[in-house]
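Read the structure below first, then the notes.
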There are 2 protein chains.
Amino acid sequence: MALQQVLIAGNWRDAHSTKTFRANNPATKEPLADEYPVSSWDDCDAALEAAAAASVVMRGLTGDQIAIFLEAYADRIEQRKDELVELAHVETALPEAPRLGDVELPRTTNQLRLAAAAARDGSWANVTIDTSTGIRSCLEAIGPVCVFGPNNFPFAFGSISGGDFAAAIAAGNPVIAKANSSHPGTTRIFAEEARAAAQSTGMPAGIVQLIYRTGHDDGERLIADSRNGAVGYTGSQHAGLKLKAAADAVGKPIYLELSSINPVVILPGVLEERGDALADEFAGSCLMGAGQFCTNPGLVVLLKGGGSDSFVSAVAEKFSGASVGTLLSSGVEKSLAENLAALQAAGAENLTPDATASGNGYCHANTLLRVEGSEFLKSPASFQAEAFGNASLLVIADDVDQVGVIVDSLEGNLTGCIYSESNGKDDAAYDQIAPRLRVRVGRLLNDKMPTGVAVSPAMNHGGPFPATGHPGVTAVGIPASLIRFAMLQCYDNVRPHRLPANLRDKNPTGKTWRMIDGAWSQGDVG
Amino acid sequence: MALQQVLIAGNWRDAHSTKTFRANNPATKEPLADEYPVSSWDDCDAALEAAAAASVVMRGLTGDQIAIFLEAYADRIEQRKDELVELAHVETALPEAPRLGDVELPRTTNQLRLAAAAARDGSWANVTIDTSTGIRSCLEAIGPVCVFGPNNFPFAFGSISGGDFAAAIAAGNPVIAKANSSHPGTTRIFAEEARAAAQSTGMPAGIVQLIYRTGHDDGERLIADSRNGAVGYTGSQHAGLKLKAAADAVGKPIYLELSSINPVVILPGVLEERGDALADEFAGSCLMGAGQFCTNPGLVVLLKGGGSDSFVSAVAEKFSGASVGTLLSSGVEKSLAENLAALQAAGAENLTPDATASGNGYCHANTLLRVEGSEFLKSPASFQAEAFGNASLLVIADDVDQVGVIVDSLEGNLTGCIYSESNGKDDAAYDQIAPRLRVRVGRLLNDKMPTGVAVSPAMNHGGPFPATGHPGVTAVGIPASLIRFAMLQCYDNVRPHRLPANLRDKNPTGKTWRMIDGAWSQGDVG
């Protein structure tokens, strides 16, 4: 059993630490062999210093140079795929196949390559050239980015491999990664490969650094430090809001993805049309990966009567009969149990009382709760506590008007779905509800569960507070996610040879999209 | 002497208030006749309610409808130009001509018309269509925007006429305007015309509302209210940071323009080349409008020896000899005197001790201070207190290396300028300093004073904290300034007829720029 080293300034070295931790295997609840340091401020300070130096160097690199690094890194990840999948499985209990090996790992390398393409292409930087005033502007690197990854996607949202990482690097910034404590070993393998890729492609030593954990105070001090540029955080609302307060106090941009119950409204017509299929679709979406998705449908609003009774029964039956997935950690198990108890204390009825946990390791019985709309409206906040895991709450509304009021009471969410009958029977209800749901969610879906988050340039994996910290940006989708880690830089009367390449008259790549005198163009100026 | 009414939900009505205030004529220091209410929470609550209702209606309007309102409003402003100029002059002491009538008012109506054009065109919304996944997204209205305007631009940054107002409306949001207490009457005239324009163009009653002042607690409660969407604030750092804390705590986007000393670096070669002209240019820029510009050059860094001594003498002479402008308020006068005293207490030498205030009303002698670079570096923060007004601090550095260290010690600023010799003599120094200044400012200038802020699509009137609250966005420049008051809204598998017009296959205007499958296009999909 070895105490693992941190990656600072390009070197693996012993951490400055007084404490250590180990991760558990969620399937056995047993601690894993490796021990990881809880870094003291000295490590944070050294990482900031190296990141600041790397940031200066990276501002001088071309997008192509950064792309070459990202692509080399993606290749290396694929070469260690088996090891990554095996260790991530041990650390998270997520299935090796198809989940980790066939879905999440390819998604991760795809994201890194899309980010590389965005860096190379340069169109993400929103170049704006106004020849009449001699003013030109574009987005440029914001400086070192601290990335805090979540527990539920060890690859695709990992602090040294996921979407925030890819976006921060592609925008020209070094990353200081804080590993998620549930999968430090997986993160370490990524760091090894990122370091090797950085060395082979001539990147500065501080481009990617890894610290496993810090004390809370040091974490807040790290992100608020003047050498830091911005923060990407995905995780619990509690910890996220503490970091947000620390960053806000010094005006440091922080991008958070915190929590979401992803309301789904199922209208009467579609229940009549294909209620059985919907019950399948919903139960499958809700229990997949033991429900541990940011976009898991945690709240379903139905109308009393019609097909809703049979839908509810069918879903309850599926929940009771389905196998029970393993949860990511004792913390997830504990908080799921607590939040479900709180929902029941608030007045929700458990429709799956007979279901017993038969999963391995950390787990909880698949749980379907139900509450009347009028009851929900007595205390909307109580019924919106996120029960992260294999559970969902059904709300039975009296009528469409009440659905509207329920929707109006919702906090900000990543997604909102409306299912409606295919020939227009539900259209009046849709029109009443959609505009109100629209403003409370980042992504509005029709006739489709929210669980999948395509890496599309049009994706919004974001939404109003408290789902995220800002409703204007997305954490998934390239190139849109890059702009979070950039600052607007304007050049006024700056001599032509001193301009960054993408602001000069000649198009730097021959295909970078630039807004020149009011029109998007891939050409040169003039 | 009448107690003025507030504009709530389309009606001028008596405020709910227990206190009142009057503005002063800065040129006479006498209170003006009209009395204005300090609104209680009831007024804020009513305004929020009406704004929320207006917001729902406005989301259903086309960009063209909003453009028609903005254009009608701009026309009406021009019809009341004489009255606006006269009253603004009385309230601010800014000259009627050319400043208010020939520069600021045309700039204001121009901004409103550019915002109208942006709303009509729709390209600002960053429409992104991904046909392969069926996902489409764009920026849409964020909801009611509270606008707090500054004292120094009663028209162009006014809370009911300026850049934040124009951007918020063009993005489809109602505005709750908080008048600046130094020019409530000017703001009232704008509100009258905005209301009339709204009525004549069929806008909802709550599209533009006016409250003159609130208690601090109510102001913070107003912006943090769940019915509010976002905040635009231009003004003092002290008040701005309080509002920021209130907004941040509930995840409400707030855009601030707070303070900036706008460093100017003048290199030796250019001093030799045209030091006399530069002394003219600098003194003119610094004393214009009694220096009451966000982009006033408040800090100049020179190198010891060479032409700097004669430059310093020439500027000191010009400062001493120039007429003294009237300041906007007793508050500006007081804080200028305090900040200049603090700079001198920190070690700056007053180069204009013989200058005496000969201005009218609120004023302060034109003041040029000087400090050695080594002294500056002993306490960089002390020498960066903004002395808003007709004053500037010269820093005399030992060498280029020290200039770099001074630049590294600067807080975030709106602008940074470097003057260099025209044939390359200063280029080595420029290359050493520019990258370091670049990351500390929103707009980098060459050979040009920062005071002018062109309304260009490439403008960045923004910069790193504490100049603003976020380095990624600009408060001036259309359409870029609109995105601050929008949220990203994604549509996933939403049925075509339910999409907003700009996301449908057919280009809604025939010329809206949209990113379709990776390429910017003004065409239809497919």
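By convention in this document, the chains of the structure tokens carry letters A, B, ... by their order, each chain's residues are numbered from 1, and ligands are numbered from 1 in the order they are shown.
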ask   = Using only C-alpha atoms, which residues sit within 10 Å of B:Ala385 once same-chain residues fewer than 5 positions away are excluded, as a ChimeraX atom specification?
value = /B:259-261,298,339-340,342-343,380
Would you export the selected residues with C-alpha atoms as a PDB file, in the first residue's frame, please?
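Result file follows (again36.pdb):
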```
ATOM      1  CA  SER B 259     -14.171  51.441 -11.046  1.00  0.00           C
ATOM      2  CA  SER B 260     -11.078  51.682 -13.137  1.00  0.00           C
ATOM      3  CA  ILE B 261      -7.922  53.770 -13.101  1.00  0.00           C
ATOM      4  CA  GLY B 298      -5.894  57.904 -13.721  1.00  0.00           C
ATOM      5  CA  ASN B 339      -8.824  59.826  -2.301  1.00  0.00           C
ATOM      6  CA  LEU B 340      -6.256  62.421  -3.319  1.00  0.00           C
ATOM      7  CA  ALA B 342      -5.003  59.224   0.765  1.00  0.00           C
ATOM      8  CA  LEU B 343      -2.691  59.001  -2.257  1.00  0.00           C
ATOM      9  CA  PRO B 380       0.422  48.988  -4.869  1.00  0.00           C
TER      10      PRO B 380
END
```
request  = If you run DSSP over the backbone, which residues in stretch 185-335 of chain B end up strand (DSSP E or B)? Put them as number ranges by chain.
outcome  = B: 208-211, 213-214, 230-234, 254-257, 263-266, 299-303
Counting only C-alpha atoms, give me one row per residue of chain B with an atom at most 7 Å from an atom of chain A, showing the shortest contact pair and its distance in Å to one decimal, sorted by chain then residue number, as JSON lines.
```
{"residue": "B:Thr128", "atom": "CA", "partner": "A:Ala458", "partner_atom": "CA", "distance": 5.2}
{"residue": "B:Ile129", "atom": "CA", "partner": "A:Ala458", "partner_atom": "CA", "distance": 5.9}
{"residue": "B:Asp130", "atom": "CA", "partner": "A:Ala458", "partner_atom": "CA", "distance": 5.9}
{"residue": "B:Ile135", "atom": "CA", "partner": "A:Ala458", "partner_atom": "CA", "distance": 5.8}
{"residue": "B:Arg136", "atom": "CA", "partner": "A:Ala458", "partner_atom": "CA", "distance": 5.2}
{"residue": "B:Ser137", "atom": "CA", "partner": "A:Ala458", "partner_atom": "CA", "distance": 5.3}
{"residue": "B:Asp248", "atom": "CA", "partner": "A:Asp248", "partner_atom": "CA", "distance": 6.8}
{"residue": "B:Gly251", "atom": "CA", "partner": "A:Phe465", "partner_atom": "CA", "distance": 5.5}
{"residue": "B:Pro253", "atom": "CA", "partner": "A:His470", "partner_atom": "CA", "distance": 6.6}
{"residue": "B:Gly442", "atom": "CA", "partner": "A:Gln489", "partner_atom": "CA", "distance": 5.3}
{"residue": "B:Arg443", "atom": "CA", "partner": "A:Cys490", "partner_atom": "CA", "distance": 4.5}
{"residue": "B:Leu444", "atom": "CA", "partner": "A:Tyr491", "partner_atom": "CA", "distance": 5.0}
{"residue": "B:Leu445", "atom": "CA", "partner": "A:Asp492", "partner_atom": "CA", "distance": 4.7}
{"residue": "B:Asn446", "atom": "CA", "partner": "A:Val494", "partner_atom": "CA", "distance": 4.8}
{"residue": "B:Ser456", "atom": "CA", "partner": "A:Asp130", "partner_atom": "CA", "distance": 6.9}
{"residue": "B:Pro457", "atom": "CA", "partner": "A:Asp130", "partner_atom": "CA", "distance": 6.9}
{"residue": "B:Ala458", "atom": "CA", "partner": "A:Thr128", "partner_atom": "CA", "distance": 5.2}
{"residue": "B:Met459", "atom": "CA", "partner": "A:Cys490", "partner_atom": "CA", "distance": 6.3}
{"residue": "B:Asn460", "atom": "CA", "partner": "A:Cys490", "partner_atom": "CA", "distance": 5.5}
{"residue": "B:Phe465", "atom": "CA", "partner": "A:Gly251", "partner_atom": "CA", "distance": 5.5}
{"residue": "B:Pro466", "atom": "CA", "partner": "A:Gly251", "partner_atom": "CA", "distance": 6.9}
{"residue": "B:Gly469", "atom": "CA", "partner": "A:Gly251", "partner_atom": "CA", "distance": 5.6}
{"residue": "B:His470", "atom": "CA", "partner": "A:Pro253", "partner_atom": "CA", "distance": 6.6}
{"residue": "B:Pro471", "atom": "CA", "partner": "A:Met487", "partner_atom": "CA", "distance": 5.1}
{"residue": "B:Gly472", "atom": "CA", "partner": "A:Met487", "partner_atom": "CA", "distance": 4.3}
{"residue": "B:Val473", "atom": "CA", "partner": "A:Leu488", "partner_atom": "CA", "distance": 6.3}
{"residue": "B:Ala486", "atom": "CA", "partner": "A:Gly472", "partner_atom": "CA", "distance": 6.4}
{"residue": "B:Met487", "atom": "CA", "partner": "A:Gly472", "partner_atom": "CA", "distance": 4.3}
{"residue": "B:Leu488", "atom": "CA", "partner": "A:Gly472", "partner_atom": "CA", "distance": 4.8}
{"residue": "B:Gln489", "atom": "CA", "partner": "A:Gly442", "partner_atom": "CA", "distance": 5.3}
{"residue": "B:Cys490", "atom": "CA", "partner": "A:Arg443", "partner_atom": "CA", "distance": 4.5}
{"residue": "B:Tyr491", "atom": "CA", "partner": "A:Leu444", "partner_atom": "CA", "distance": 5.0}
{"residue": "B:Asp492", "atom": "CA", "partner": "A:Leu445", "partner_atom": "CA", "distance": 4.7}
{"residue": "B:Asn493", "atom": "CA", "partner": "A:Asn446", "partner_atom": "CA", "distance": 5.5}
{"residue": "B:Val494", "atom": "CA", "partner": "A:Asn446", "partner_atom": "CA", "distance": 4.8}
{"residue": "B:Arg495", "atom": "CA", "partner": "A:Asn446", "partner_atom": "CA", "distance": 7.0}
{"residue": "B:Trp520", "atom": "CA", "partner": "A:Trp520", "partner_atom": "CA", "distance": 6.5}
```
request  = Figure out the distance between atom CA of B:Pro95 and atom CA of B:Gly389, please, to one decimal in Å.
outcome  =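 Distance reported for this atom pair: 15.6 Å.
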Can you pull out the residues contacting stretch 186-192 of chain B? Cut-off 7 Å, using only C-alpha atoms, and skip same-chain residues under 4 positions away; I want them as a short mmCIF file (atom, residue, chain, number, x, y, z; two decimals) with N, CA and C atoms, in the first residue's frame.
```cif
data_model
loop_
_atom_site.label_atom_id
_atom_site.label_comp_id
_atom_site.auth_asym_id
_atom_site.auth_seq_id
_atom_site.Cartn_x
_atom_site.Cartn_y
_atom_site.Cartn_z
N LEU B 84 -34.55 67.77 -22.18
CA LEU B 84 -33.63 66.81 -21.57
C LEU B 84 -32.26 67.45 -21.32
N LEU B 87 -32.49 70.11 -18.48
CA LEU B 87 -32.62 69.57 -17.13
C LEU B 87 -31.38 68.78 -16.72
N ALA B 88 -30.83 68.01 -17.65
CA ALA B 88 -29.62 67.26 -17.32
C ALA B 88 -28.48 68.22 -16.97
N ILE B 160 -32.72 54.39 -17.69
CA ILE B 160 -33.90 54.19 -18.53
C ILE B 160 -33.63 54.66 -19.96
N SER B 161 -32.37 54.82 -20.30
CA SER B 161 -32.02 55.33 -21.63
C SER B 161 -30.69 54.80 -22.15
N ALA B 179 -33.46 55.21 -10.65
CA ALA B 179 -32.83 56.45 -11.09
C ALA B 179 -31.56 56.72 -10.29
N ALA B 196 -44.82 56.48 -23.11
CA ALA B 196 -45.64 56.86 -24.26
C ALA B 196 -45.30 55.98 -25.47
N LEU B 210 -40.16 52.89 -13.25
CA LEU B 210 -39.18 53.79 -12.62
C LEU B 210 -39.44 53.95 -11.13
#
```
All helix (DSSP H, G or I) residues (DSSP, backbone) inside stretch 47-268 of chain A, as JSON, numbers by chain = {"A": [47, 48, 49, 50, 51, 52, 53, 54, 55, 56, 57, 58, 59, 63, 64, 65, 66, 67, 68, 69, 70, 71, 72, 73, 74, 75, 76, 77, 78, 79, 81, 82, 83, 84, 85, 86, 87, 88, 89, 90, 91, 92, 96, 97, 98, 99, 100, 101, 102, 103, 104, 105, 106, 107, 108, 109, 110, 111, 112, 113, 114, 115, 116, 117, 118, 119, 120, 121, 123, 124, 125, 163, 164, 165, 166, 167, 168, 169, 170, 184, 185, 186, 187, 188, 189, 190, 191, 192, 193, 194, 195, 196, 197, 198, 199, 200, 205, 206, 207, 216, 217, 218, 219, 220, 221, 222, 223, 224, 237, 238, 239, 240, 241, 242, 243, 244, 245, 246, 247, 248, 249, 268]}
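Interatomic distance, atom CA of A:Leu336 against atom CA of A:Ser285: 17.5 Å.
Ranking B:Leu437, B:Leu278, B:Leu70, B:Leu503 by their shortest atom-to-atom distance to B:Ile266, with only C-alpha atoms included, puts B:Leu278 first.
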task = Could you give me, as a PyMOL selection string, the residues within 10 Å of B:Phe21, counting only C-alpha atoms and dropping anything in the same chain fewer than 2 positions from it?
result = chain B and resi 3+19+23-24+31+34-38+181+184+212-213
Store the residues picked out above in a file with N, CA and C atoms, as a PDB file, in the first residue's frame.
```pdb
ATOM      1  N   LEU B   3     -44.152  66.516  -5.107  1.00  0.00           N
ATOM      2  CA  LEU B   3     -43.543  65.212  -4.878  1.00  0.00           C
ATOM      3  C   LEU B   3     -43.813  64.367  -6.120  1.00  0.00           C
ATOM      4  N   LYS B  19     -39.919  58.586   3.085  1.00  0.00           N
ATOM      5  CA  LYS B  19     -38.870  59.603   2.981  1.00  0.00           C
ATOM      6  C   LYS B  19     -38.845  60.174   1.569  1.00  0.00           C
ATOM      7  N   ALA B  23     -32.546  66.535  -5.558  1.00  0.00           N
ATOM      8  CA  ALA B  23     -31.224  66.620  -6.168  1.00  0.00           C
ATOM      9  C   ALA B  23     -30.705  68.038  -6.015  1.00  0.00           C
ATOM     10  N   ASN B  24     -29.398  68.177  -6.160  1.00  0.00           N
ATOM     11  CA  ASN B  24     -28.785  69.502  -6.103  1.00  0.00           C
ATOM     12  C   ASN B  24     -28.353  69.946  -7.492  1.00  0.00           C
ATOM     13  N   PRO B  31     -30.300  73.006  -3.630  1.00  0.00           N
ATOM     14  CA  PRO B  31     -31.248  71.940  -3.949  1.00  0.00           C
ATOM     15  C   PRO B  31     -32.222  72.388  -5.039  1.00  0.00           C
ATOM     16  N   ASP B  34     -37.815  70.031  -7.313  1.00  0.00           N
ATOM     17  CA  ASP B  34     -38.643  68.824  -7.232  1.00  0.00           C
ATOM     18  C   ASP B  34     -38.212  67.880  -6.114  1.00  0.00           C
ATOM     19  N   GLU B  35     -39.222  67.232  -5.584  1.00  0.00           N
ATOM     20  CA  GLU B  35     -38.970  66.288  -4.507  1.00  0.00           C
ATOM     21  C   GLU B  35     -39.295  64.885  -5.025  1.00  0.00           C
ATOM     22  N   TYR B  36     -38.476  63.928  -4.632  1.00  0.00           N
ATOM     23  CA  TYR B  36     -38.646  62.564  -5.140  1.00  0.00           C
ATOM     24  C   TYR B  36     -38.798  61.593  -3.973  1.00  0.00           C
ATOM     25  N   PRO B  37     -39.624  60.581  -4.158  1.00  0.00           N
ATOM     26  CA  PRO B  37     -39.858  59.640  -3.060  1.00  0.00           C
ATOM     27  C   PRO B  37     -38.760  58.578  -2.961  1.00  0.00           C
ATOM     28  N   VAL B  38     -38.491  58.176  -1.739  1.00  0.00           N
ATOM     29  CA  VAL B  38     -37.693  56.973  -1.494  1.00  0.00           C
ATOM     30  C   VAL B  38     -38.707  55.849  -1.312  1.00  0.00           C
ATOM     31  N   SER B 181     -29.660  59.176  -8.135  1.00  0.00           N
ATOM     32  CA  SER B 181     -30.199  60.257  -7.304  1.00  0.00           C
ATOM     33  C   SER B 181     -29.693  61.629  -7.712  1.00  0.00           C
ATOM     34  N   PRO B 184     -32.612  62.722 -11.045  1.00  0.00           N
ATOM     35  CA  PRO B 184     -33.924  62.054 -11.089  1.00  0.00           C
ATOM     36  C   PRO B 184     -34.867  62.682 -12.106  1.00  0.00           C
ATOM     37  N   TYR B 212     -37.300  55.881  -7.953  1.00  0.00           N
ATOM     38  CA  TYR B 212     -36.189  56.838  -7.829  1.00  0.00           C
ATOM     39  C   TYR B 212     -35.110  56.364  -6.868  1.00  0.00           C
ATOM     40  N   ARG B 213     -35.550  55.831  -5.773  1.00  0.00           N
ATOM     41  CA  ARG B 213     -34.586  55.402  -4.770  1.00  0.00           C
ATOM     42  C   ARG B 213     -35.295  54.435  -3.831  1.00  0.00           C
TER      43      ARG B 213
END
```
message = Give me, as number ranges by chain, all polymer residues having an atom no more than 10 Å from B:Ala46, counting only C-alpha atoms and skipping those fewer than 6 positions away in the same chain.
response = B: 8-9, 52, 206
request  = Choose the residue, out of B:Ile433, B:Ser392, B:Glu86, B:Gly185, that has the smallest atom-to-atom separation from B:Gly404; count only C-alpha atoms.
outcome  = B:Ile433
task = Tell me, in Å to one decimal, how far atom CA of A:Gly101 is from atom CA of A:Val315.
result =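 So the two atoms, atom CA of A:Gly101 and atom CA of A:Val315, lie 29.6 Å apart.
When only C-alpha atoms are used to measure the gap to A:Ala346, the shortest distance among A:Leu377, A:Leu328, A:Ala33, A:Ala197 belongs to A:Leu377.
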ask   = Using only C-alpha atoms, which of A:Ala194, A:Glu386, A:Val312, A:Leu482 sits nearest A:Ala168?
value =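 Among A:Ala194, A:Glu386, A:Val312, A:Leu482, it is A:Leu482 that comes nearest to A:Ala168.
Contact shell of B:Cys363 at 7 Å (only C-alpha atoms; same-chain neighbours under 5 positions omitted): B:Gly325, B:Thr326, B:Leu327, B:Glu333, B:Ala357.
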Can you spit out the residues from that selection as a PDB file, in the first residue's frame, using C-alpha atoms?
```
ATOM      1  CA  GLY B 325     -14.701  71.722 -14.251  1.00  0.00           C
ATOM      2  CA  THR B 326     -17.710  71.366 -12.022  1.00  0.00           C
ATOM      3  CA  LEU B 327     -18.096  67.966 -10.381  1.00  0.00           C
ATOM      4  CA  GLU B 333     -16.208  66.320  -4.579  1.00  0.00           C
ATOM      5  CA  ALA B 357     -10.139  75.577  -7.519  1.00  0.00           C
TER       6      ALA B 357
END
```
message = Residues near B:Gln111, anyone? I mean within 10 Å using only C-alpha atoms, not counting same-chain ones fewer than 6 positions away, as a list in words.
response = Leu70, Ala74, Leu105, Ala117, Ala156, Ser161, Gly162, Gly163, Phe165, Ala166, Ala167, Val455, Val476, Gly477 and Ile478 of chain B
Just-selected residues, C-alpha atoms written as a tab-separated table (two decimals), in the first residue's frame:
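Once everything was written out, this is out_37.tsv:
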```
chain	number	residue	atom	x	y	z
B	70	LEU	CA	-37.10	51.21	-29.27
B	74	ALA	CA	-35.57	57.17	-29.71
B	105	LEU	CA	-27.84	62.57	-26.61
B	117	ALA	CA	-31.59	46.79	-35.27
B	156	ALA	CA	-25.92	57.29	-22.47
B	161	SER	CA	-32.02	55.33	-21.63
B	162	GLY	CA	-28.50	53.95	-21.63
B	163	GLY	CA	-26.59	50.91	-22.74
B	165	PHE	CA	-31.42	49.60	-20.71
B	166	ALA	CA	-31.12	49.23	-24.47
B	167	ALA	CA	-29.47	45.83	-24.18
B	455	VAL	CA	-20.30	51.90	-29.68
B	476	VAL	CA	-21.00	48.75	-24.41
B	477	GLY	CA	-21.17	47.46	-27.96
B	478	ILE	CA	-24.12	46.02	-29.75
```
inquiry  = From the options A:Val270, A:Val208, A:Gly526, A:His364, which residue's atoms come nearest to A:Asn423, counting only C-alpha atoms?
reply    =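 Residue with the minimum atom-to-atom distance to A:Asn423: A:Val270.
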